[in-house]
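Participant: Below you'll find the structure I mean.
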Number of protein chains: 2
Amino acid sequence: MAEKDLSDLFVDTLKDIYYAEKQIYKALPKMAKSAASDELRAAFEKHHDETEVQIERLEKIFEIIGKPARGKKCDAIEGILDEGKEIMDEYADSPALDPGLLAAAQAVEHYEISRYGTLKTWADQLGHKDAVKLIDQTLAEEKKTDETLSEIAVTAVNAQAA
Amino acid sequence: MAEKDLSDLFVDTLKDIYYAEKQIYKALPKMAKSAASDELRAAFEKHHDETEVQIERLEKIFEIIGKPARGKKCDAIEGILDEGKEIMDEYADSPALDPGLLAAAQAVEHYEISRYGTLKTWADQLGHKDAVKLIDQTLAEEKKTDETLSEIAVTAVNAQAA
């Protein structure tokens with residue numbers, strides 16, 4: 001068996017985030033339904049739409065590198081989303097539910113930011129210029145979503161304290 | 001049973017990151033030992049020392065809020081570190097090992113950045129001024145570590161391509 005190189009690592013990590021995005025796409029409507037504030041619900045719904053486009057971008061990247069779009073179980077996102085589910089159970093009907101949902105969502109965003117940042121560096125090195133552009137678009141959206149959630153988080157803790 | 005509020009959520013999340021930091025503290029020497037480049041090994045060793053101090057800061061925060069310092073199994077960090085172990089196995093002796101280790105370490109950093117960012121917002125709201133200061137110190141270190149790893153990541157992929 002040939003030694004695995006950076007292009008293998010790129011494909012493996014692409015599969016990891018493709019699986020993760022699909023799990024996130026499934027989780028977001030549940031998080032939106034749980035959210036107490038309209039603002040947070042709207043943010044989750046908006047990000048659900050964005051996630052759909054981000055999944056399509058990943059499929060385009062698989063096409064660019066000539067590989068079938070396939071996911072690979074990602075333990076990290078499973079763990080992160082499980083913590084979110086735990087919050088939804090333990091803090092249902094609590095004034096701290098929205099702060100908890102926000103924390104869970106920001107952990108998801110940061111996982112994605114780290115993965116896309118890594119993929120961008122590797123795509124650049126591997127000469128996949130079109131992939132770099134697609135990754136950049138998603139990366140900008142994830143960072144923007146994280147900022148929006150940070151802003152809502154401050155409003156949410158103030159509202160729950162009131 | 002009284003309804004759980006933001007101070008319960010703060011304690012729960014503190015336990016989560018306390019557990020996570022201890023797992024990271026155990027994982028870093030293995031990652032340092034695996035690293036091919038001296039630069040990456042040194043970065044992991046430095047962060048190992050920082051993590052020790054970060055654990056002590058968390059213990060001070062538990063003291064501030066009058067709770068025993070106790071961890072609570074954190075599925076997210078387990079998943080993130082498992083992915084790192086997988087890389088160490090699958091890419092041992094591969095030129096892509098360092099890029100893979102870097103990706104794993106940056107996923108860890110981003111998890112911590114999201115958790116400490118959240119804890120800071122809540123500590124501020126709950127009036128734990130001294131805790132805010134301690135969290136801020138750790139948050140700055142985690143962000144700096146992530147930046148250092150990003151810089152090494154570019155060097156690492158260039159080196160493996162050469």
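Convention: chains lettered A, B, ... in structure tokens order; per-chain residue numbering from 1; ligands numbered from 1 as shown.
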Where does chain B meet chain A within 7 Å, residue by residue, with the nearest atom pair and distance in Å to one decimal for each, counting only C-alpha atoms, listed by chain and rising number, as a Markdown table?

Facilitator:
```
| residue | atom | partner | partner_atom | distance |
| --- | --- | --- | --- | --- |
| B:Glu3 | CA | A:Ser94 | CA | 6.2 |
| B:Lys4 | CA | A:Ser94 | CA | 6.0 |
| B:Asp5 | CA | A:Ala96 | CA | 5.2 |
| B:Leu6 | CA | A:Ala96 | CA | 5.1 |
| B:Asp75 | CA | A:Gly79 | CA | 4.5 |
| B:Ala76 | CA | A:Gly79 | CA | 4.0 |
| B:Gly79 | CA | A:Ala76 | CA | 4.0 |
| B:Ile80 | CA | A:Ala76 | CA | 4.4 |
| B:Glu83 | CA | A:Asp75 | CA | 6.8 |
| B:Tyr91 | CA | A:Lys4 | CA | 6.6 |
| B:Ser94 | CA | A:Lys4 | CA | 6.1 |
| B:Pro95 | CA | A:Asp5 | CA | 6.2 |
| B:Ala96 | CA | A:Leu6 | CA | 5.1 |
| B:Ala103 | CA | A:Thr118 | CA | 6.1 |
| B:Gln106 | CA | A:Ser114 | CA | 6.1 |
| B:Ala107 | CA | A:Ser114 | CA | 5.4 |
| B:His110 | CA | A:His110 | CA | 5.3 |
| B:Tyr111 | CA | A:Ala107 | CA | 5.9 |
| B:Ser114 | CA | A:Ala107 | CA | 5.4 |
| B:Thr118 | CA | A:Ala103 | CA | 6.1 |
| B:Thr121 | CA | A:Val154 | CA | 6.7 |
| B:Gln125 | CA | A:Val157 | CA | 6.8 |
| B:Val154 | CA | A:Thr121 | CA | 6.7 |
| B:Val157 | CA | A:Gln125 | CA | 6.8 |
```

Participant: Using only C-alpha atoms, which residue out of A:Leu149, A:Leu101, A:Ala123, A:Leu134 lies closest to Ala32 of chain A?

Facilitator: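 For Ala32 of chain A, the nearest of the given residues is A:Leu101.
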
Participant: Choose the residue, out of A:Lys144, A:Lys60, A:His128, A:Lys133, that has the smallest atom-to-atom separation from His47 of chain A; count only C-alpha atoms.

Facilitator: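 The answer is A:Lys144, which sits nearest to His47 of chain A.
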
Participant: Counting only C-alpha atoms, which of B:Leu139, B:Ala27, B:Ile55, B:Ala156 gets nearest to Met88 of chain B?

Facilitator: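 Closest residue, counting only C-alpha atoms: B:Ala27.
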
Participant: I'd like to know which of A:Thr138, A:Gln23, A:Gln54, A:Thr145 is closest to Leu40 of chain A, using only C-alpha atoms.

Facilitator: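 Checking each of A:Thr138, A:Gln23, A:Gln54, A:Thr145 against Leu40 of chain A, counting only C-alpha atoms, the winner is A:Thr145.
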
Participant: What residues in chain B get the DSSP label helix (DSSP H, G or I)? Please answer as a PyMOL selection string.

Facilitator: chain B and resi 6-34+38-64+75-90+97-125+129-161

Participant: If you measure from atom CA of Ala140 of chain A to atom CA of Ser34 of chain A, what distance in Å do you get, rounded to one decimal?

Facilitator: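 Result for atom CA of Ala140 of chain A versus atom CA of Ser34 of chain A: 26.5 Å, one decimal.
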
Participant: Name the residues in contact with His48 of chain B at a cut-off of 7 Å, using only C-alpha atoms, excluding same-chain residues fewer than 3 positions from it; report them as a PyMOL selection string.

Facilitator: chain B and resi 25+28+44-45+51-52

Participant: Between atom CA of Pro68 of chain B and atom CA of Lys46 of chain B, what is the distance in Å, rounded to a tenth?

Facilitator: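 It comes out at 28.1 Å.
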
Participant: Go through B:Ile135, B:Thr148, B:Asp89, B:Thr155 and flag the residue nearest Glu56 of chain B, using only C-alpha atoms for the distances.

Facilitator: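 For Glu56 of chain B, the nearest of the given residues is B:Ile135.
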
Participant: Could you tell me how far atom CA of Tyr18 of chain A lies from atom CA of Met31 of chain A, in Å and to one decimal?

Facilitator: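 Computed distance, atom CA of Tyr18 of chain A to atom CA of Met31 of chain A, equals 19.9 Å.
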